[in-house]
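Just start.txt here, compact mmCIF, C-alpha atoms:
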# COMPACT_ATOMS: atom_id res chain seq x y z
CA MET A 1 83.37 94.78 115.14
CA LYS A 2 81.97 92.38 117.75
CA LYS A 3 78.69 92.25 115.84
CA ILE A 4 80.46 91.15 112.66
CA LEU A 5 82.35 88.42 114.51
CA VAL A 6 79.18 87.14 116.16
CA ILE A 7 77.33 87.07 112.83
CA ALA A 8 80.25 85.29 111.13
CA PHE A 9 80.43 82.74 113.94
CA LEU A 10 76.69 82.06 113.87
CA THR A 11 76.72 81.71 110.08
CA LEU A 12 79.60 79.23 110.13
CA THR A 13 78.04 77.26 112.98
CA SER A 14 74.69 76.98 111.22
CA MET A 15 76.41 75.91 107.99
CA SER A 16 78.31 73.21 109.87
CA ILE A 17 75.16 71.95 111.59
CA GLN A 18 73.22 72.03 108.33
CA ALA A 19 75.97 70.13 106.50
CA GLN A 20 76.07 67.43 109.21
CA GLU A 21 72.30 67.01 109.10
CA GLU A 22 72.56 66.13 105.42
CA LEU A 23 74.26 62.81 106.22
CA THR A 24 72.27 59.75 107.15
CA TRP A 25 73.90 57.51 109.72
CA HIS A 26 72.07 54.18 109.81
CA THR A 27 71.90 52.07 112.95
CA ASP A 28 69.98 49.15 111.39
CA MET A 29 72.36 46.89 109.47
CA SER A 30 69.54 45.22 107.57
CA LYS A 31 68.30 48.51 106.16
CA ALA A 32 71.84 49.72 105.46
CA THR A 33 72.65 46.47 103.67
CA ASP A 34 69.63 46.82 101.38
CA ILE A 35 70.67 50.38 100.51
CA SER A 36 74.28 49.33 99.98
CA ILE A 37 73.28 46.59 97.55
CA LYS A 38 70.75 48.78 95.73
CA GLU A 39 73.22 51.68 95.32
CA ASN A 40 76.25 49.41 94.77
CA LYS A 41 78.24 51.21 97.48
CA PRO A 42 80.33 49.73 100.27
CA MET A 43 79.16 50.14 103.85
CA PHE A 44 81.13 52.36 106.20
CA LEU A 45 80.88 50.74 109.64
CA PHE A 46 81.84 53.25 112.34
CA PHE A 47 82.48 51.52 115.68
CA THR A 48 82.35 54.22 118.32
CA GLY A 49 81.81 55.01 121.96
CA SER A 50 79.91 58.18 121.17
CA ASP A 51 79.50 59.46 124.71
CA TRP A 52 82.86 58.54 126.22
CA CYS A 53 85.56 57.90 123.57
CA GLY A 54 87.71 61.00 123.13
CA TRP A 55 89.34 59.80 119.89
CA CYS A 56 85.91 59.00 118.42
CA ILE A 57 84.66 62.48 119.22
CA ARG A 58 87.84 63.97 117.78
CA LEU A 59 87.50 61.94 114.55
CA GLN A 60 83.94 63.12 114.14
CA LYS A 61 84.89 66.75 114.73
CA GLU A 62 88.05 66.77 112.58
CA VAL A 63 86.79 64.61 109.71
CA PHE A 64 83.16 63.42 109.71
CA LYS A 65 81.65 66.86 110.22
CA THR A 66 83.64 68.56 107.47
CA PRO A 67 82.23 69.51 104.05
CA GLU A 68 84.92 67.38 102.34
CA PHE A 69 83.85 64.24 104.17
CA ILE A 70 80.15 64.92 103.77
CA LYS A 71 80.53 65.27 99.99
CA TRP A 72 82.72 62.15 99.80
CA ALA A 73 80.41 60.04 101.98
CA LYS A 74 77.31 60.89 99.95
CA GLU A 75 79.05 59.80 96.75
CA ASN A 76 80.92 56.72 97.96
CA VAL A 77 79.49 54.87 100.97
CA VAL A 78 76.49 53.94 103.10
CA LEU A 79 77.17 55.16 106.64
CA VAL A 80 76.46 52.89 109.62
CA GLU A 81 77.09 53.88 113.22
CA LEU A 82 77.72 50.97 115.57
CA ASP A 83 77.74 52.66 118.94
CA PHE A 84 78.85 51.33 122.32
CA PRO A 85 77.75 54.13 124.64
CA ARG A 86 78.05 54.15 128.42
CA LYS A 87 75.19 56.54 129.13
CA ASN A 88 72.98 56.75 126.03
CA GLU A 89 70.18 54.19 125.84
CA GLN A 90 69.89 51.63 123.03
CA THR A 91 67.43 48.88 122.26
CA ASP A 92 68.46 45.31 122.99
CA ALA A 93 68.30 44.56 119.25
CA VAL A 94 70.80 47.32 118.44
CA LYS A 95 73.10 46.24 121.29
CA MET A 96 73.06 42.65 120.03
CA GLN A 97 73.61 43.64 116.39
CA ASN A 98 76.54 45.89 117.33
CA ALA A 99 78.15 43.26 119.56
CA GLN A 100 77.86 40.59 116.84
CA LEU A 101 79.52 42.84 114.26
CA GLN A 102 82.20 43.86 116.75
CA GLN A 103 83.00 40.20 117.34
CA GLN A 104 82.77 39.25 113.65
CA LEU A 105 85.19 41.99 112.60
CA GLN A 106 87.37 41.61 115.72
CA VAL A 107 87.10 45.26 116.73
CA ASN A 108 89.20 45.77 119.85
CA GLY A 109 89.35 49.56 120.10
CA TYR A 110 87.59 52.75 119.20
CA PRO A 111 87.27 54.46 116.86
CA THR A 112 87.40 51.76 114.22
CA VAL A 113 85.97 52.11 110.74
CA TRP A 114 85.47 49.00 108.64
CA PHE A 115 84.58 49.17 104.96
CA VAL A 116 82.59 46.15 103.81
CA SER A 117 80.69 45.16 100.71
CA ALA A 118 77.45 43.20 100.97
CA VAL A 119 75.98 40.53 98.73
CA LYS A 120 72.69 38.67 99.14
CA THR A 121 72.66 35.01 98.23
CA ASP A 122 69.77 33.33 96.40
CA GLU A 123 68.56 32.13 99.81
CA GLY A 124 68.39 35.71 101.08
CA LYS A 125 71.43 35.41 103.33
CA VAL A 126 73.77 38.42 103.48
CA ASN A 127 77.49 37.93 103.06
CA LEU A 128 79.84 40.72 104.04
CA THR A 129 83.27 41.04 102.49
CA ALA A 130 85.74 43.07 104.52
CA LEU A 131 87.63 45.56 102.36
CA GLY A 132 89.78 47.07 105.10
CA SER A 133 89.74 49.19 108.21
CA THR A 134 91.10 52.39 109.67
CA GLY A 135 90.71 54.56 112.73
CA TYR A 136 91.76 58.03 113.76
CA VAL A 137 94.31 59.51 111.35
CA ALA A 138 95.94 62.86 112.09
CA GLY A 139 95.94 65.40 109.30
CA GLY A 140 92.31 66.28 108.79
CA PRO A 141 89.81 65.17 106.17
CA GLU A 142 92.21 65.12 103.20
CA LYS A 143 94.61 62.70 104.87
CA TRP A 144 91.80 60.53 106.25
CA LEU A 145 89.97 60.35 102.92
CA GLU A 146 93.19 59.46 101.11
CA GLY A 147 93.41 56.27 103.19
CA ALA A 148 89.69 55.56 102.86
CA ASN A 149 89.87 55.84 99.08
CA GLN A 150 92.70 53.28 99.01
CA ILE A 151 90.51 50.85 100.94
CA ILE A 152 87.32 51.25 98.90
CA LYS A 153 89.24 50.79 95.63
CA LYS A 154 89.25 47.09 96.55
CA LYS A 155 85.52 46.84 95.90

Whole structure, structure tokens version:
Amino acid sequence: MKKILVIAFLTLTSMSIQAQEELTWHTDMSKATDISIKENKPMFLFFTGSDWCGWCIRLQKEVFKTPEFIKWAKENVVLVELDFPRKNEQTDAVKMQNAQLQQQLQVNGYPTVWFVSAVKTDEGKVNLTALGSTGYVAGGPEKWLEGANQIIKKK
């Protein structure tokens, strides 16, 4: 009996890890913007404190690492992680980019998810249009995605 439980646990764990690896979380806004424009999808800007924010970790576990979210994200958005870690190292360029976006979108707490659409002007400048934001929502992936779908309908 123990053998069956161990095998089942290992199978489910590997499926969860494999499913999470299928998502691409960008950290370079320039690259993510190009993909967003090319694929005509809004950007999903996840402001997080990955190594210290309990609610961020909980949101990832309860929503972002589920098969429902993974399927939805692949079809609907370009994922961007804007991290504000306390221990993990980042380049100065990433720190500056994240701080500028945090200020621009007036993010005051974590986790915060902003949905934005991007447009390039004839001069090559990128304009972001904020569609709406959310954070941690109790109720699992179905409840969270329900709110997200209401926001991205605005695109």

List the spatial neighbours of stretch 60-71 of chain A as a tab-separated table (two decimals) with C-alpha atoms, in the frame of the given file - criterion: any atom at most 12 Å away, all atoms listed in the file, same-chain residues fewer than 3 positions off excluded.
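Listed below is the output, result_26.tsv:
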chain	number	residue	atom	x	y	z
A	12	LEU	CA	79.60	79.23	110.13
A	13	THR	CA	78.04	77.26	112.98
A	15	MET	CA	76.41	75.91	107.99
A	16	SER	CA	78.31	73.21	109.87
A	17	ILE	CA	75.16	71.95	111.59
A	18	GLN	CA	73.22	72.03	108.33
A	19	ALA	CA	75.97	70.13	106.50
A	20	GLN	CA	76.07	67.43	109.21
A	21	GLU	CA	72.30	67.01	109.10
A	22	GLU	CA	72.56	66.13	105.42
A	23	LEU	CA	74.26	62.81	106.22
A	24	THR	CA	72.27	59.75	107.15
A	25	TRP	CA	73.90	57.51	109.72
A	44	PHE	CA	81.13	52.36	106.20
A	46	PHE	CA	81.84	53.25	112.34
A	47	PHE	CA	82.48	51.52	115.68
A	48	THR	CA	82.35	54.22	118.32
A	49	GLY	CA	81.81	55.01	121.96
A	50	SER	CA	79.91	58.18	121.17
A	53	CYS	CA	85.56	57.90	123.57
A	54	GLY	CA	87.71	61.00	123.13
A	55	TRP	CA	89.34	59.80	119.89
A	56	CYS	CA	85.91	59.00	118.42
A	57	ILE	CA	84.66	62.48	119.22
A	74	LYS	CA	77.31	60.89	99.95
A	75	GLU	CA	79.05	59.80	96.75
A	76	ASN	CA	80.92	56.72	97.96
A	77	VAL	CA	79.49	54.87	100.97
A	78	VAL	CA	76.49	53.94	103.10
A	79	LEU	CA	77.17	55.16	106.64
A	81	GLU	CA	77.09	53.88	113.22
A	111	PRO	CA	87.27	54.46	116.86
A	112	THR	CA	87.40	51.76	114.22
A	113	VAL	CA	85.97	52.11	110.74
A	135	GLY	CA	90.71	54.56	112.73
A	136	TYR	CA	91.76	58.03	113.76
A	137	VAL	CA	94.31	59.51	111.35
A	138	ALA	CA	95.94	62.86	112.09
A	139	GLY	CA	95.94	65.40	109.30
A	140	GLY	CA	92.31	66.28	108.79
A	141	PRO	CA	89.81	65.17	106.17
A	142	GLU	CA	92.21	65.12	103.20
A	143	LYS	CA	94.61	62.70	104.87
A	144	TRP	CA	91.80	60.53	106.25
A	145	LEU	CA	89.97	60.35	102.92
A	146	GLU	CA	93.19	59.46	101.11
A	148	ALA	CA	89.69	55.56	102.86
A	149	ASN	CA	89.87	55.84	99.08

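With distances restricted to only C-alpha atoms, A:Thr33 is the closest residue to A:Thr129 from A:Thr91, A:Asn98, A:Thr33, A:Asn108.
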
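You will find atom CA of A:Leu128 at 15.0 Å from atom CA of A:Ile151.
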
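Note that atom CA of A:Trp52 and atom CA of A:Ala130 are 26.8 Å apart.
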
Would you mind reading off the distance between atom CA of A:Pro42 and atom CA of A:Ser117, one decimal, in Å?
4.6 Å
